[in-house]
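Listing of coords.txt, compact mmCIF, C-alpha atoms
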```
# COMPACT_ATOMS: atom_id res chain seq x y z
CA MET Z 657 78.97 99.27 45.41
CA LYS Z 658 81.15 98.58 48.42
CA LEU Z 659 82.55 95.08 48.58
CA CYS Z 660 83.46 92.98 51.54
CA THR Z 661 87.18 92.31 51.38
CA ALA Z 662 86.96 88.93 53.11
CA LEU Z 663 87.63 86.63 50.16
CA ILE Z 664 89.06 83.15 50.40
CA PRO Z 665 90.87 82.02 47.24
CA LEU Z 666 90.16 78.45 46.19
CA ALA Z 667 93.73 78.18 45.00
CA ALA Z 668 96.39 80.57 43.82
CA SER Z 669 95.89 79.60 40.17
CA MET Z 670 92.10 79.54 40.23
CA SER Z 671 89.91 82.38 39.05
CA LEU Z 672 86.86 82.10 41.31
CA PHE Z 673 86.46 82.96 44.98
CA VAL Z 674 84.32 81.41 47.66
CA PRO Z 675 81.81 83.91 49.05
CA VAL Z 676 81.96 84.20 52.82
CA SER Z 677 79.32 85.53 55.16
CA GLY Z 678 78.37 89.07 54.21
CA PHE Z 679 80.00 88.98 50.77
CA SER Z 680 77.92 89.95 47.75
CA ALA Z 681 79.35 89.24 44.31
CA THR Z 682 79.14 91.86 41.60
CA LEU Z 683 78.34 91.47 37.94
CA ALA Z 684 81.79 92.86 37.22
CA GLU Z 685 83.41 90.02 39.16
CA LEU Z 686 81.28 87.37 37.47
CA ASN Z 687 81.86 88.85 34.02
CA ALA Z 688 85.60 89.07 34.61
CA LEU Z 689 86.10 85.36 35.36
CA LYS Z 690 88.77 83.69 33.24
CA GLY Z 691 90.02 80.15 32.73
CA THR Z 692 90.89 77.83 34.22
CA TYR Z 693 87.27 77.95 35.48
CA THR Z 694 86.27 76.46 38.83
CA LEU Z 695 83.11 75.67 40.76
CA ALA Z 696 82.59 77.62 43.97
CA PRO Z 697 80.57 76.16 46.86
CA LEU Z 698 76.99 77.29 47.23
CA PRO Z 699 76.62 80.40 49.43
CA TYR Z 700 74.16 78.45 51.62
CA ALA Z 701 73.53 74.85 52.72
CA PHE Z 702 72.00 72.38 50.26
CA ASP Z 703 68.82 72.21 52.36
CA ALA Z 704 68.61 75.97 53.02
CA LEU Z 705 65.94 76.51 50.35
CA GLU Z 706 64.04 73.33 51.21
CA SER Z 707 60.60 74.98 51.10
CA VAL Z 708 61.14 75.64 47.39
CA VAL Z 709 64.04 73.48 46.20
CA ASP Z 710 64.81 70.19 47.92
CA ALA Z 711 68.32 69.38 49.13
CA GLU Z 712 68.77 66.44 46.75
CA THR Z 713 68.00 68.62 43.74
CA MET Z 714 70.47 71.25 44.96
CA LYS Z 715 73.21 68.64 45.43
CA ILE Z 716 72.70 67.20 41.95
CA HIS Z 717 72.14 70.55 40.25
CA HIS Z 718 75.22 72.19 41.75
CA GLY Z 719 77.58 69.26 42.19
CA LYS Z 720 76.77 67.37 39.00
CA HIS Z 721 75.21 69.67 36.40
CA HIS Z 722 77.11 72.88 37.17
CA GLN Z 723 80.33 70.94 37.71
CA ALA Z 724 79.88 69.35 34.29
CA TYR Z 725 79.52 72.77 32.64
CA VAL Z 726 82.75 73.89 34.30
CA ASP Z 727 84.64 70.72 33.33
CA ASN Z 728 83.36 70.73 29.76
CA LEU Z 729 84.08 74.43 29.33
CA ASN Z 730 87.66 73.98 30.44
CA LYS Z 731 88.02 71.01 28.07
CA ALA Z 732 86.51 72.89 25.12
CA VAL Z 733 88.69 75.95 25.73
CA SER Z 734 91.86 73.88 26.08
CA GLU Z 735 91.13 72.14 22.78
CA ALA Z 736 90.48 75.38 20.86
CA LYS Z 737 93.09 76.60 18.37
CA ASP Z 738 93.32 79.87 20.27
CA ALA Z 739 93.22 78.27 23.71
CA LYS Z 740 95.70 80.68 25.27
CA ALA Z 741 93.71 83.72 24.16
CA LEU Z 742 90.43 82.16 25.28
CA LYS Z 743 91.77 81.44 28.75
CA ALA Z 744 92.79 85.08 29.09
CA MET Z 745 89.44 86.39 27.84
CA PRO Z 746 86.90 87.62 30.43
CA LEU Z 747 83.83 85.40 30.50
CA LYS Z 748 81.54 88.26 29.44
CA SER Z 749 83.68 88.94 26.36
CA LEU Z 750 83.50 85.27 25.47
CA LEU Z 751 79.70 85.35 25.74
CA GLU Z 752 79.45 88.55 23.70
CA THR Z 753 81.30 86.85 20.83
CA ILE Z 754 79.80 83.39 21.30
CA SER Z 755 78.58 83.19 17.68
CA GLN Z 756 82.24 82.75 16.73
CA ARG Z 757 82.52 79.60 18.87
CA GLY Z 758 81.29 76.05 18.58
CA ASP Z 759 78.42 74.53 20.53
CA ALA Z 760 80.67 73.11 23.26
CA ILE Z 761 81.93 76.54 24.32
CA ARG Z 762 78.55 78.20 23.78
CA ASN Z 763 76.63 75.69 25.90
CA ASN Z 764 79.15 75.37 28.69
CA ALA Z 765 80.23 79.00 28.97
CA GLY Z 766 76.56 79.89 29.20
CA GLY Z 767 75.96 77.11 31.68
CA HIS Z 768 78.74 78.30 33.96
CA TRP Z 769 77.74 81.98 33.87
CA ASN Z 770 74.03 81.24 34.23
CA HIS Z 771 74.39 78.91 37.20
CA THR Z 772 76.92 81.06 39.04
CA PHE Z 773 74.43 83.91 38.69
CA PHE Z 774 71.43 81.73 39.62
CA TRP Z 775 72.84 80.60 42.97
CA SER Z 776 73.42 84.22 43.96
CA VAL Z 777 69.85 85.41 43.34
CA MET Z 778 68.38 82.95 45.85
CA THR Z 779 68.71 83.12 49.63
CA PRO Z 780 67.25 81.61 52.81
CA ASP Z 781 67.71 84.98 54.55
CA ALA Z 782 64.29 86.60 55.09
CA GLU Z 783 65.83 90.05 55.38
CA ASN Z 784 67.41 89.77 51.92
CA GLN Z 785 64.11 88.51 50.47
CA LYS Z 786 62.51 91.93 50.94
CA LEU Z 787 62.00 93.87 47.72
CA PRO Z 788 63.85 97.22 48.01
CA ALA Z 789 61.68 100.30 47.56
CA ARG Z 790 63.68 101.67 44.62
CA LEU Z 791 63.30 98.52 42.53
CA GLU Z 792 59.72 97.96 43.64
CA LYS Z 793 58.77 101.43 42.42
CA GLU Z 794 60.25 100.82 38.98
CA LEU Z 795 58.69 97.37 38.65
CA ARG Z 796 55.28 98.88 39.50
CA SER Z 797 55.81 101.65 36.97
CA LYS Z 798 56.79 99.15 34.27
CA PHE Z 799 54.30 96.34 34.92
CA GLY Z 800 51.50 98.00 36.88
CA THR Z 801 51.79 95.89 40.04
CA ILE Z 802 54.31 93.47 41.50
CA GLU Z 803 51.81 90.64 40.99
CA LYS Z 804 51.52 91.51 37.29
CA PHE Z 805 55.32 91.50 37.03
CA LYS Z 806 55.48 88.06 38.63
CA GLU Z 807 52.71 86.78 36.37
CA ALA Z 808 54.57 88.04 33.28
CA PHE Z 809 57.82 86.44 34.46
CA GLU Z 810 56.08 83.13 35.17
CA LYS Z 811 54.26 83.22 31.82
CA LYS Z 812 57.53 83.76 29.95
CA GLY Z 813 59.08 80.86 31.84
CA THR Z 814 56.21 78.44 31.31
CA SER Z 815 55.89 79.32 27.61
CA GLN Z 816 59.58 78.64 26.91
CA PHE Z 817 59.61 75.48 24.79
CA GLY Z 818 61.98 72.86 26.13
CA SER Z 819 64.86 73.78 28.40
CA GLY Z 820 66.08 77.29 29.04
CA TRP Z 821 65.96 80.33 31.28
CA VAL Z 822 63.66 83.24 32.07
CA TRP Z 823 65.27 86.59 32.87
CA LEU Z 824 64.58 90.07 34.16
CA ILE Z 825 67.11 92.29 32.42
CA ARG Z 826 68.16 95.88 32.11
CA ASN Z 827 68.09 96.25 28.34
CA SER Z 828 70.29 98.39 26.11
CA ALA Z 829 67.80 101.27 26.42
CA GLY Z 830 68.17 101.15 30.19
CA GLN Z 831 64.67 99.71 30.71
CA LEU Z 832 63.57 96.67 32.69
CA GLU Z 833 62.40 93.83 30.45
CA ILE Z 834 61.46 90.16 30.80
CA THR Z 835 62.92 87.76 28.28
CA GLY Z 836 63.71 84.09 27.82
CA THR Z 837 66.56 82.12 26.28
CA PRO Z 838 66.82 78.49 25.17
CA ASN Z 839 69.25 75.93 26.54
CA GLN Z 840 72.16 77.70 28.29
CA ASP Z 841 72.02 80.92 26.28
CA ASN Z 842 71.67 84.23 28.09
CA PRO Z 843 70.99 87.89 27.16
CA LEU Z 844 74.69 88.78 27.20
CA MET Z 845 75.30 86.63 24.13
CA ASP Z 846 75.46 88.12 20.67
CA VAL Z 847 73.04 85.39 19.52
CA ALA Z 848 70.30 86.43 21.98
CA SER Z 849 67.09 87.74 20.41
CA VAL Z 850 66.78 90.26 23.26
CA LYS Z 851 70.05 91.55 24.67
CA GLY Z 852 70.72 93.15 28.01
CA THR Z 853 72.17 92.67 31.48
CA PRO Z 854 70.47 90.00 33.61
CA ILE Z 855 69.53 91.09 37.13
CA LEU Z 856 67.30 88.09 37.94
CA GLY Z 857 67.06 84.68 36.34
CA ALA Z 858 65.33 81.36 36.90
CA ASP Z 859 66.55 78.04 35.56
CA ILE Z 860 63.69 76.23 33.82
CA TRP Z 861 65.57 73.09 32.86
CA GLU Z 862 63.77 70.09 34.37
CA HIS Z 863 66.82 69.18 36.43
CA ALA Z 864 66.21 72.38 38.43
CA TYR Z 865 62.81 71.28 39.73
CA TYR Z 866 61.73 67.79 38.61
CA LEU Z 867 62.31 65.85 41.84
CA LYS Z 868 59.95 68.13 43.77
CA TYR Z 869 57.55 69.40 41.09
CA GLN Z 870 57.74 66.70 38.38
CA ASN Z 871 56.36 68.33 35.20
CA GLN Z 872 54.77 71.28 37.01
CA ARG Z 873 57.06 74.07 35.87
CA ALA Z 874 54.41 76.68 36.66
CA ALA Z 875 54.27 75.57 40.31
CA TYR Z 876 58.06 75.72 40.56
CA LEU Z 877 58.16 79.27 39.16
CA LYS Z 878 55.38 80.41 41.47
CA SER Z 879 57.32 79.04 44.47
CA PHE Z 880 60.56 80.64 43.26
CA TRP Z 881 59.52 84.04 44.62
CA LYS Z 882 59.76 82.73 48.20
CA VAL Z 883 63.56 82.53 47.97
CA VAL Z 884 64.50 85.38 45.62
CA ASN Z 885 67.41 87.40 46.98
CA TRP Z 886 65.96 90.82 46.17
CA LYS Z 887 68.81 92.57 47.92
CA GLN Z 888 71.25 90.97 45.48
CA VAL Z 889 68.96 91.61 42.51
CA ASP Z 890 68.79 95.27 43.47
CA GLN Z 891 72.56 95.46 43.73
CA TYR Z 892 72.94 93.86 40.32
CA ASP Z 893 70.39 96.27 38.89
CA GLN Z 894 72.11 99.32 40.28
CA GLU Z 895 75.34 98.08 38.73
CA ALA Z 896 73.65 97.37 35.38
CA HIS Z 897 71.84 100.72 35.48
CA SER Z 898 75.09 102.59 36.10
CA ALA Z 899 76.76 100.81 33.20
CA ASN Z 900 74.07 102.13 30.83
CA ARG Z 901 74.57 105.76 31.80
```

Now, as a test, write the supplied structure out as structure tokens.
Amino acid sequence: MKLCTALIPLAASMSLFVPVSGFSATLAELNALKGTYTLAPLPYAFDALESVVDAETMKIHHGKHHQAYVDNLNKAVSEAKDAKALKAMPLKSLLETISQRGDAIRNNAGGHWNHTFFWSVMTPDAENQKLPARLEKELRSKFGTIEKFKEAFEKKGTSQFGSGWVWLIRNSAGQLEITGTPNQDNPLMDVASVKGTPILGADIWEHAYYLKYQNQRAAYLKSFWKVVNWKQVDQYDQEAHSANR
């Protein structure tokens, strides 16, 4: 996948870049992040997704919750016996060996990866909200219709007990699959019951939707489709698909 070269470094010592107009992150870039971890600005305004997620929720979710995962991850890594090695380890490698780490690293490494990914799969851009023909064809083949796919995704999300995430992944067999994870776990982790590469994910922690939807998680998930960045999902899927070949 061709990348835009217009990247603005947050600081010379920091490992994350701010996406500028026209830039699409890759899974490889996200997976390669190393400490010291930083929080990048959202790729759109706080009120850009107002029809689905209100501005106040976005401000708190990004600026408070995600920032806390970043801060706590850096703290947990710095306090580890092998801190130097952990800081040099790509984030994906850390997740793939997360069973060897304590809860602080597990929860916050997952929280940072999950949220960085989550912001990227939403967009206010109507053009990017169109489902590409290639991915649409495979979703129809797998689930019967796009509506049945959405229903299955929503059902998995609403049936997740407590906090967690619902994912569309490319599994180890190279097939599309819907799965869920508790808390801040994700399918890249060696502790996941279903492993694979996420290409779409929805945060189903209450802090992601409570101000607008209260306890109506199902309504939140049904609205989520209005802002899905299918162009980015398709790019992630092509990357994940290629990695399985």

**OP:** Could you please determine the separation between atom CA of Z:Ala704 and atom CA of Z:Trp775 in Å, to one decimal place?
**Re:**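 So the answer is 11.8 Å.
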
**OP:** Go ahead and find all residues with at least one atom no further than 12 Å from (65.9, 73.0, 51.1) in the file's coordinates, using all atoms listed in the file; report them as a list in words.
**Re:**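 The requested residues, written out, are Tyr700, Ala701, Phe702, Asp703, Ala704, Leu705, Glu706, Ser707, Val708, Val709, Asp710, Ala711, Glu712, Thr713, Met714, Lys715, Met778, Thr779, Pro780, Tyr865, Lys868, Lys882 and Val883 of chain Z.
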
Original post:
What residues have an atom no more than 12 Å from (84.2, 70.5, 24.4) in the file's own frame, counting all atoms listed in the file, and can you write them as a PyMOL selection string?
Top reply: chain Z and resi 724-736+739+757-765

**OP:** Could you jot down the atom CA of Z:Ala864 to atom CA of Z:His717 separation for me, Å, one decimal place?
**Re:** 6.5 Å

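The protein and nucleic acid residues lying at most 8 Å from stretch 750-756 of chain Z are Leu742, Arg762, Ala765, Gly766, Leu844, Met845, Asp846 and Val847 of chain Z, with only C-alpha atoms considered and sequence neighbours fewer than 6 positions away removed.
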
Box centre and edge lengths (Å, one decimal), axis-aligned, stretch 837-842 of chain Z plus 8 Å each side, as JSON:
```
{"center_x": 69.4, "center_y": 80.1, "center_z": 26.7, "size_x": 21.6, "size_y": 24.3, "size_z": 19.1}
```

**OP:** List the neighbours of Z:Ala858 out to 12 Å using all atoms listed in the file; skip same-chain residues closer than 6 positions along the sequence, and give me the result as a ChimeraX atom specification.
**Re:** /Z:770-778,809-810,812-814,816,819-825,834-837,840,842,864-865,873-874,876-881,883-885

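Note that atom CA of Z:Ser815 and atom CA of Z:His863 are 17.3 Å apart.
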
Original post:
Using all atoms listed in the file, which of the listed residues (Z:Lys748, Z:Arg796, Z:Gln894, Z:Arg790) sits closest to Z:Pro843?
Top reply: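 That would be Z:Lys748, the residue with the smallest distance to Z:Pro843.
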
Original post:
Counting only C-alpha atoms, what is within 12 Å of Z:Glu792, bar same-chain residues fewer than 2 positions away, as a ChimeraX atom specification?
Top reply: /Z:786-790,794-803,805-806,832,886-887,889-890,893
